[in-house]
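As provided, my_file_32.txt (compact mmCIF, C-alpha atoms) reads as follows.
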# COMPACT_ATOMS: atom_id res chain seq x y z
CA MET S 22 13.40 -17.86 14.87
CA ALA S 23 15.88 -17.37 12.02
CA LEU S 24 14.57 -17.17 8.45
CA ARG S 25 15.41 -19.93 6.00
CA SER S 26 16.96 -18.85 2.72
CA ILE S 27 15.10 -19.66 -0.49
CA ALA S 28 18.05 -19.22 -2.88
CA THR S 29 21.67 -18.14 -3.14
CA GLY S 30 23.24 -15.61 -5.46
CA THR S 31 26.09 -13.23 -6.07
CA VAL S 32 25.96 -9.44 -6.03
CA SER S 33 28.39 -8.19 -8.67
CA PHE S 34 29.63 -4.67 -9.44
CA GLY S 35 32.94 -3.90 -11.06
CA MET S 36 35.49 -6.45 -9.86
CA VAL S 37 33.65 -7.04 -6.58
CA SER S 38 31.55 -10.16 -6.00
CA ILE S 39 29.50 -10.71 -2.84
CA PRO S 40 27.96 -14.14 -2.16
CA VAL S 41 24.48 -13.66 -0.70
CA LYS S 42 21.42 -15.59 0.42
CA LEU S 43 17.86 -14.60 -0.50
CA TYR S 44 15.02 -14.64 2.02
CA SER S 45 11.31 -13.97 1.53
CA ALA S 46 10.49 -10.62 3.15
CA THR S 47 6.73 -11.25 3.19
CA GLN S 48 4.53 -14.27 3.84
CA ALA S 49 1.62 -15.26 1.63
CA SER S 50 0.12 -17.33 4.46
CA ALA S 51 -1.55 -14.15 5.75
CA ALA S 52 -4.18 -14.53 3.01
CA ILE S 53 -7.20 -16.82 3.50
CA SER S 54 -7.76 -19.03 0.47
CA PHE S 55 -10.90 -20.96 -0.45
CA ASN S 56 -11.62 -24.03 -2.59
CA LEU S 57 -14.59 -24.33 -4.91
CA LEU S 58 -17.07 -26.99 -3.77
CA HIS S 59 -20.22 -28.52 -5.18
CA LYS S 60 -23.10 -26.86 -3.34
CA LYS S 61 -25.14 -30.07 -3.53
CA ASP S 62 -22.79 -32.42 -1.63
CA GLY S 63 -19.78 -30.27 -0.59
CA SER S 64 -17.30 -32.18 -2.79
CA ARG S 65 -14.31 -30.33 -4.17
CA LEU S 66 -14.51 -29.38 -7.85
CA LYS S 67 -11.91 -30.26 -10.45
CA GLN S 68 -10.94 -27.74 -13.12
CA GLN S 69 -11.34 -28.94 -16.70
CA TYR S 70 -10.60 -27.33 -20.08
CA THR S 71 -13.01 -27.64 -22.99
CA CYS S 72 -12.43 -26.76 -26.63
CA GLN S 73 -14.85 -24.08 -27.79
CA THR S 74 -14.88 -25.46 -31.37
CA CYS S 75 -15.44 -29.21 -30.91
CA ASN S 76 -16.69 -29.03 -27.31
CA GLU S 77 -14.31 -31.80 -26.27
CA LYS S 78 -12.44 -32.08 -22.98
CA VAL S 79 -8.75 -31.27 -23.56
CA GLU S 80 -6.01 -32.96 -21.52
CA ARG S 81 -2.90 -31.05 -20.48
CA ASP S 82 -0.67 -32.98 -22.89
CA ASP S 83 -2.74 -31.67 -25.81
CA MET S 84 -2.39 -28.02 -24.81
CA VAL S 85 -0.03 -25.49 -26.39
CA LYS S 86 0.46 -21.79 -25.71
CA GLY S 87 -0.76 -19.26 -28.23
CA TYR S 88 -0.54 -15.47 -28.60
CA GLU S 89 -3.58 -13.58 -29.92
CA PHE S 90 -2.14 -11.13 -32.48
CA ALA S 91 -5.59 -10.22 -33.88
CA LYS S 92 -9.21 -10.89 -32.94
CA ASP S 93 -9.57 -14.71 -32.61
CA GLN S 94 -6.28 -15.23 -34.47
CA TYR S 95 -3.43 -16.94 -32.66
CA VAL S 96 0.15 -17.91 -33.32
CA MET S 97 1.17 -21.10 -31.51
CA LEU S 98 4.50 -21.45 -29.70
CA SER S 99 5.90 -24.83 -28.71
CA PRO S 100 7.48 -25.47 -25.28
CA GLU S 101 10.84 -25.93 -27.01
CA GLU S 102 10.62 -22.54 -28.72
CA LEU S 103 9.73 -20.79 -25.47
CA SER S 104 12.44 -22.63 -23.53
CA ALA S 105 15.07 -21.46 -26.00
CA LEU S 106 14.09 -17.82 -25.29
CA GLU S 107 14.27 -18.07 -21.51
CA GLU S 108 16.97 -16.23 -19.60
CA LYS S 109 19.69 -18.48 -18.20
CA SER S 110 19.55 -18.46 -14.41
CA THR S 111 23.05 -17.43 -13.39
CA GLN S 112 21.86 -16.32 -9.92
CA THR S 113 23.96 -13.17 -10.44
CA ILE S 114 22.62 -9.82 -9.23
CA GLU S 115 24.56 -7.55 -11.58
CA ILE S 116 24.56 -3.89 -10.53
CA SER S 117 24.20 -1.45 -13.42
CA GLU S 118 24.21 1.91 -11.63
CA PHE S 119 23.69 3.70 -8.32
CA ILE S 120 20.91 6.25 -7.92
CA PRO S 121 19.58 8.42 -5.04
CA ILE S 122 16.94 6.57 -3.03
CA ASP S 123 14.65 9.61 -2.87
CA LYS S 124 14.49 9.70 -6.70
CA ILE S 125 12.81 6.28 -6.93
CA ASP S 126 9.03 6.40 -7.16
CA PRO S 127 7.54 3.64 -4.95
CA ILE S 128 4.98 2.98 -7.69
CA TYR S 129 7.67 0.79 -9.30
CA PHE S 130 8.06 -1.37 -6.16
CA GLU S 131 6.84 -4.94 -6.43
CA LYS S 132 7.97 -7.90 -4.29
CA PRO S 133 10.71 -7.42 -1.64
CA TYR S 134 13.37 -9.91 -0.56
CA PHE S 135 15.92 -9.78 2.24
CA LEU S 136 19.56 -10.31 1.31
CA GLY S 137 22.01 -11.76 3.80
CA PRO S 138 25.73 -12.54 3.41
CA ASP S 139 26.76 -16.06 2.43
CA LYS S 140 30.05 -17.71 3.40
CA GLY S 141 33.01 -15.39 2.82
CA GLY S 142 30.86 -12.37 1.99
CA ASP S 143 30.42 -10.78 5.44
CA LYS S 144 32.85 -7.86 5.04
CA ALA S 145 31.97 -6.98 1.42
CA TYR S 146 28.26 -7.21 2.26
CA THR S 147 28.61 -4.86 5.25
CA LEU S 148 30.78 -2.49 3.20
CA LEU S 149 28.14 -2.22 0.44
CA ALA S 150 25.22 -1.81 2.88
CA THR S 151 27.04 0.86 4.92
CA THR S 152 28.20 2.76 1.82
CA LEU S 153 24.67 2.86 0.39
CA GLU S 154 23.30 4.05 3.72
CA ASN S 155 25.96 6.76 4.11
CA THR S 156 25.53 8.06 0.55
CA GLY S 157 21.72 7.83 0.49
CA LYS S 158 21.82 5.77 -2.68
CA ALA S 159 20.49 2.43 -3.94
CA ALA S 160 21.84 0.02 -6.53
CA LEU S 161 19.87 -0.75 -9.68
CA ALA S 162 20.59 -4.27 -10.94
CA ARG S 163 19.47 -7.14 -13.18
CA TYR S 164 18.68 -10.56 -11.73
CA ALA S 165 17.97 -13.73 -13.71
CA ALA S 166 16.01 -16.56 -12.08
CA ARG S 167 13.43 -19.16 -13.15
CA GLY S 168 13.98 -18.32 -16.81
CA LYS S 169 13.07 -14.66 -16.36
CA GLN S 170 15.04 -11.44 -16.10
CA TYR S 171 14.10 -9.09 -13.27
CA LEU S 172 14.87 -5.44 -12.63
CA VAL S 173 15.75 -5.12 -8.94
CA LEU S 174 16.82 -2.45 -6.50
CA LEU S 175 19.25 -3.05 -3.65
CA ARG S 176 18.47 -0.61 -0.86
CA PRO S 177 20.00 -0.41 2.62
CA LYS S 178 18.02 -0.87 5.82
CA GLN S 179 19.58 -0.90 9.30
CA GLY S 180 22.92 -2.28 8.11
CA ARG S 181 21.29 -4.86 5.85
CA LEU S 182 20.23 -5.05 2.22
CA VAL S 183 16.73 -5.37 0.77
CA MET S 184 16.35 -6.54 -2.81
CA GLN S 185 13.22 -4.87 -4.15
CA GLN S 186 11.82 -6.34 -7.35
CA LEU S 187 10.74 -3.50 -9.64
CA MET S 188 8.18 -3.09 -12.38
CA TYR S 189 9.52 -2.26 -15.83
CA ALA S 190 8.64 1.14 -17.28
CA ASP S 191 6.08 -0.28 -19.73
CA GLU S 192 4.28 -2.04 -16.84
CA VAL S 193 3.47 1.24 -15.07
CA ARG S 194 0.70 3.36 -16.47
CA SER S 195 1.13 7.09 -16.93
CA TRP S 196 -0.48 9.30 -14.29
CA GLU S 197 -1.30 11.75 -17.10
CA GLU S 198 -4.08 9.37 -18.15
CA VAL S 199 -5.95 10.38 -14.99
CA ASP S 200 -8.16 13.39 -15.62
CA VAL S 201 -7.76 15.94 -12.81
CA PRO S 202 -9.62 19.21 -13.49
CA LYS S 203 -7.90 22.43 -12.44
CA VAL S 204 -9.60 24.02 -9.45
CA GLU S 205 -8.79 26.99 -7.26
CA VAL S 206 -7.83 26.20 -3.66
CA LYS S 207 -8.20 29.10 -1.24
CA GLU S 208 -5.61 30.04 1.37
CA ALA S 209 -8.05 29.50 4.25
CA GLU S 210 -8.77 25.98 3.00
CA LEU S 211 -5.06 25.21 2.81
CA LYS S 212 -4.50 26.43 6.36
CA LEU S 213 -7.34 24.36 7.79
CA ALA S 214 -6.21 21.29 5.85
CA ALA S 215 -2.64 21.76 7.15
CA GLN S 216 -3.97 22.00 10.74
CA LEU S 217 -5.90 18.77 10.26
CA VAL S 218 -2.80 17.03 8.87
CA GLU S 219 -0.70 18.19 11.82
CA ALA S 220 -3.36 17.11 14.32
CA THR S 221 -3.45 13.62 12.81
CA SER S 222 0.30 13.23 12.21
CA ASN S 223 2.61 10.55 13.63
CA PRO S 224 6.40 11.04 13.62
CA ALA S 225 6.98 7.34 12.87
CA PHE S 226 5.46 4.63 10.68
CA GLU S 227 3.91 2.01 12.99
CA PRO S 228 2.35 -0.73 10.81
CA GLU S 229 1.72 -2.93 13.87
CA LYS S 230 -1.09 -0.52 14.85
CA TYR S 231 -3.15 -1.75 11.91
CA GLN S 232 -4.62 -5.09 10.91
CA ASP S 233 -6.78 -6.49 8.14
CA ASP S 234 -10.24 -6.23 9.73
CA VAL S 235 -11.91 -8.14 6.89
CA ARG S 236 -9.47 -11.07 7.27
CA THR S 237 -10.11 -11.09 11.03
CA ARG S 238 -13.88 -11.23 10.54
CA VAL S 239 -13.57 -14.01 7.95
CA LYS S 240 -11.28 -16.03 10.26
CA GLU S 241 -13.70 -15.60 13.18
CA LEU S 242 -16.60 -16.76 11.01
CA ILE S 243 -14.63 -19.82 9.87
CA ASP S 244 -13.72 -20.70 13.46
CA LYS S 245 -17.36 -20.42 14.55
CA LYS S 246 -18.53 -22.65 11.69
CA VAL S 247 -15.84 -25.24 12.47
CA ALA S 248 -16.99 -25.20 16.11
CA GLY S 249 -20.62 -25.64 15.02
CA GLN S 250 -21.83 -22.34 16.44
CA GLU S 251 -24.97 -20.63 15.21
CA ILE S 252 -24.17 -17.71 12.91
CA THR S 253 -26.10 -14.44 13.12
CA SER S 254 -25.62 -11.51 10.77
CA ALA S 255 -24.43 -8.23 12.25
CA PRO S 256 -26.60 -5.16 11.57
CA ALA S 257 -25.42 -3.02 8.68
CA GLU S 258 -23.52 0.10 9.65
CA GLN S 259 -25.24 3.42 9.03
CA GLY S 260 -23.52 5.60 6.45
CA LYS S 261 -21.91 8.85 7.58
CA ALA S 262 -23.51 12.15 6.71
CA GLN S 263 -22.02 13.65 3.57
CA ILE S 264 -20.58 17.17 3.87
CA ILE S 265 -20.22 18.80 0.49
CA ASP S 266 -18.67 22.14 1.51
CA ILE S 267 -14.91 21.63 1.92
CA MET S 268 -14.54 24.35 4.56
CA GLU S 269 -17.34 22.87 6.65
CA ALA S 270 -15.79 19.41 6.32
CA LEU S 271 -12.39 20.68 7.49
CA LYS S 272 -13.91 22.57 10.42
CA ALA S 273 -15.94 19.55 11.48
CA SER S 274 -12.87 17.32 11.27
CA LEU S 275 -10.77 19.69 13.38
CA ALA S 276 -13.57 20.09 15.92
CA LYS S 277 -13.84 16.31 16.19
CA ARG S 278 -10.08 15.99 16.73
CA ALA S 279 -10.08 18.76 19.34
CA GLY S 280 -13.10 17.36 21.20
CA GLY S 281 -12.12 13.72 20.96
CA GLY S 282 -15.37 12.81 19.16
CA ASP S 283 -18.16 14.19 17.02
CA ALA S 284 -18.62 17.93 17.23
CA GLY S 285 -22.17 17.53 18.54
CA THR S 286 -21.09 15.29 21.45
CA ALA S 287 -17.88 17.13 22.38
CA ALA S 288 -19.50 19.01 25.28
CA ALA S 289 -21.13 15.90 26.73
CA SER S 290 -17.92 13.87 26.54
CA GLU S 291 -16.02 16.73 28.24
CA GLU S 292 -18.27 16.46 31.31
CA ARG S 293 -17.54 12.72 31.67
CA ARG S 294 -13.79 13.16 31.17
CA PRO S 295 -11.62 12.81 34.36
CA ALA S 296 -9.44 15.65 35.61
CA LYS S 297 -6.34 16.20 33.48
CA ARG S 298 -2.91 15.47 34.90
CA LYS S 299 0.06 17.78 34.49
CA ASP S 300 1.58 15.64 31.75
CA ASP S 301 -1.65 16.05 29.74
CA ALA S 302 -1.12 19.81 29.46
CA ALA S 303 0.58 19.69 26.07
CA PRO S 304 -2.14 17.64 24.31
CA ALA S 305 -4.81 19.79 25.96
CA ALA S 306 -3.10 22.94 24.77
CA ALA S 307 -2.86 21.56 21.25
CA ALA S 308 -6.57 20.74 21.31
CA ALA S 309 -7.36 24.23 22.56
CA VAL S 310 -5.31 25.75 19.74
CA ALA S 311 -7.13 23.61 17.19
CA THR S 312 -10.52 24.57 18.64
CA ALA S 313 -9.58 28.24 18.59
CA ALA S 314 -8.43 27.91 14.99
CA VAL S 315 -11.79 26.44 14.05
CA ALA S 316 -13.62 29.27 15.81
CA VAL S 317 -11.46 31.92 14.13
CA ALA S 318 -11.89 30.32 10.73
CA ALA S 319 -15.64 30.00 11.21
CA ALA S 320 -15.92 33.63 12.26
CA GLY S 321 -13.83 34.72 9.32
CA ALA S 322 -15.94 32.71 6.91
CA ALA S 323 -19.13 34.11 8.41
CA GLY S 324 -17.80 37.66 8.16
CA ALA S 325 -16.76 37.15 4.57
CA ALA S 326 -20.18 35.75 3.72
CA ALA S 327 -21.89 38.73 5.34
CA ALA S 328 -19.69 41.14 3.42
CA ARG S 329 -20.58 39.46 0.12
CA ALA S 330 -24.34 39.41 0.85
CA PRO S 331 -26.35 42.14 -0.98
CA LYS S 332 -27.71 44.90 1.26
CA LYS S 333 -31.52 45.36 1.39
CA LYS S 334 -32.86 48.70 0.33
CA ALA S 335 -34.89 50.67 2.91
CA SER S 336 -38.61 50.46 2.23
CA LYS S 337 -40.42 53.70 1.46
CA LYS S 338 -43.35 54.64 3.68
Let's see the structure in the file written out as structure tokens.
Amino acid sequence: MALRSIATGTVSFGMVSIPVKLYSATQASAAISFNLLHKKDGSRLKQQYTCQTCNEKVERDDMVKGYEFAKDQYVMLSPEELSALEEKSTQTIEISEFIPIDKIDPIYFEKPYFLGPDKGGDKAYTLLATTLENTGKAALARYAARGKQYLVLLRPKQGRLVMQQLMYADEVRSWEEVDVPKVEVKEAELKLAAQLVEATSNPAFEPEKYQDDVRTRVKELIDKKVAGQEITSAPAEQGKAQIIDIMEALKASLAKRAGGGDAGTAAASEERRPAKRKDDAAPAAAAAVATAAVAVAAAGAAGAAAARAPKKKASKK
């Protein structure tokens, strides 16, 4: 089923203009929304605004917007004053510059839109999308709509263009505000961590493998209540044992990956496992390598610990 466009616009750079259509790249319907009800009779509640000074109910026509410039001090702005400051919606996506895609931090990414060619823009659209893909670059542009000015990024994807709405620089907090103490990471820890990463790696991003489990449970509960079924609470899950030592945690994780389960049940699960086929040789070999790596690392750690332990003096008779 073809998507329906939500707006039209024009991509402009230099003397080139490309008529385009905008499409929503995501759907908000995936979220489950609730209404507030009166617990007593189940009636829906109506939101009301009350003045904190005179305790009177305030209608929408009597409301104005105000900016708090100091504690409990506001400057009021009329709708006419705010309307005069709004950006005029020209529907033009004006490209300012082209930058390498790999230089753009995804932390700036906000809402994505698909761009498709409008009438007469097929060739210019394909030319821009192909050029961006071949050069590994994206176009940084300004886009005015609904009285606001947006910073957007046009990036190529499979011969098409995605318009990614971006956050402005002052909307992104500095990572330097996060306190990260300096600690020493040992070479053995790095090697074990790298082995765990490789054992759990996937060469491709497959988002269809994952789903929102909480949303699924909520939807199932709603369906049961609508059907009038009796609801029983599921038992709480037991928390996992906490492993403080990083080396022990890495070894346990690798052992679990190699054995296909918890380290303590690896031997039991191996007995129940059917005979391996020839095409299972590669995964089996990889698991054997991982298991051997764990054993070597464990032996090395044990040897190092023994070497550091103080020797007992011989007792005199």
For this session: Between atom CA of S:Ile27 and atom CA of S:Tyr146, measure the distance and give it in Å to one decimal.
Result: 18.3 Å
Need the shell around stretch 38-41 of chain S: protein/DNA/RNA residues with any atom at most 10 Å away, counting all atoms listed in the file. Skip same-chain ones fewer than 2 positions apart. Format as a PDB file with C-alpha atoms, in the frame of the given file?
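Written file, selection.pdb:
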ATOM      1  CA  SER S  26      16.960 -18.850   2.720  1.00  0.00           C
ATOM      2  CA  ALA S  28      18.050 -19.220  -2.880  1.00  0.00           C
ATOM      3  CA  THR S  29      21.670 -18.140  -3.140  1.00  0.00           C
ATOM      4  CA  GLY S  30      23.240 -15.610  -5.460  1.00  0.00           C
ATOM      5  CA  THR S  31      26.090 -13.230  -6.070  1.00  0.00           C
ATOM      6  CA  VAL S  32      25.960  -9.440  -6.030  1.00  0.00           C
ATOM      7  CA  SER S  33      28.390  -8.190  -8.670  1.00  0.00           C
ATOM      8  CA  PHE S  34      29.630  -4.670  -9.440  1.00  0.00           C
ATOM      9  CA  GLY S  35      32.940  -3.900 -11.060  1.00  0.00           C
ATOM     10  CA  MET S  36      35.490  -6.450  -9.860  1.00  0.00           C
ATOM     11  CA  LEU S  43      17.860 -14.600  -0.500  1.00  0.00           C
ATOM     12  CA  TYR S  44      15.020 -14.640   2.020  1.00  0.00           C
ATOM     13  CA  GLN S 112      21.860 -16.320  -9.920  1.00  0.00           C
ATOM     14  CA  THR S 113      23.960 -13.170 -10.440  1.00  0.00           C
ATOM     15  CA  ILE S 114      22.620  -9.820  -9.230  1.00  0.00           C
ATOM     16  CA  GLU S 115      24.560  -7.550 -11.580  1.00  0.00           C
ATOM     17  CA  PHE S 135      15.920  -9.780   2.240  1.00  0.00           C
ATOM     18  CA  LEU S 136      19.560 -10.310   1.310  1.00  0.00           C
ATOM     19  CA  GLY S 137      22.010 -11.760   3.800  1.00  0.00           C
ATOM     20  CA  PRO S 138      25.730 -12.540   3.410  1.00  0.00           C
ATOM     21  CA  ASP S 139      26.760 -16.060   2.430  1.00  0.00           C
ATOM     22  CA  LYS S 140      30.050 -17.710   3.400  1.00  0.00           C
ATOM     23  CA  GLY S 141      33.010 -15.390   2.820  1.00  0.00           C
ATOM     24  CA  GLY S 142      30.860 -12.370   1.990  1.00  0.00           C
ATOM     25  CA  ASP S 143      30.420 -10.780   5.440  1.00  0.00           C
ATOM     26  CA  LYS S 144      32.850  -7.860   5.040  1.00  0.00           C
ATOM     27  CA  ALA S 145      31.970  -6.980   1.420  1.00  0.00           C
ATOM     28  CA  TYR S 146      28.260  -7.210   2.260  1.00  0.00           C
ATOM     29  CA  LEU S 149      28.140  -2.220   0.440  1.00  0.00           C
TER      30      LEU S 149
END
Seminar exercise, completed: atom CA of S:Glu205 sits from atom CA of S:Leu275 at a separation of 22.0 Å
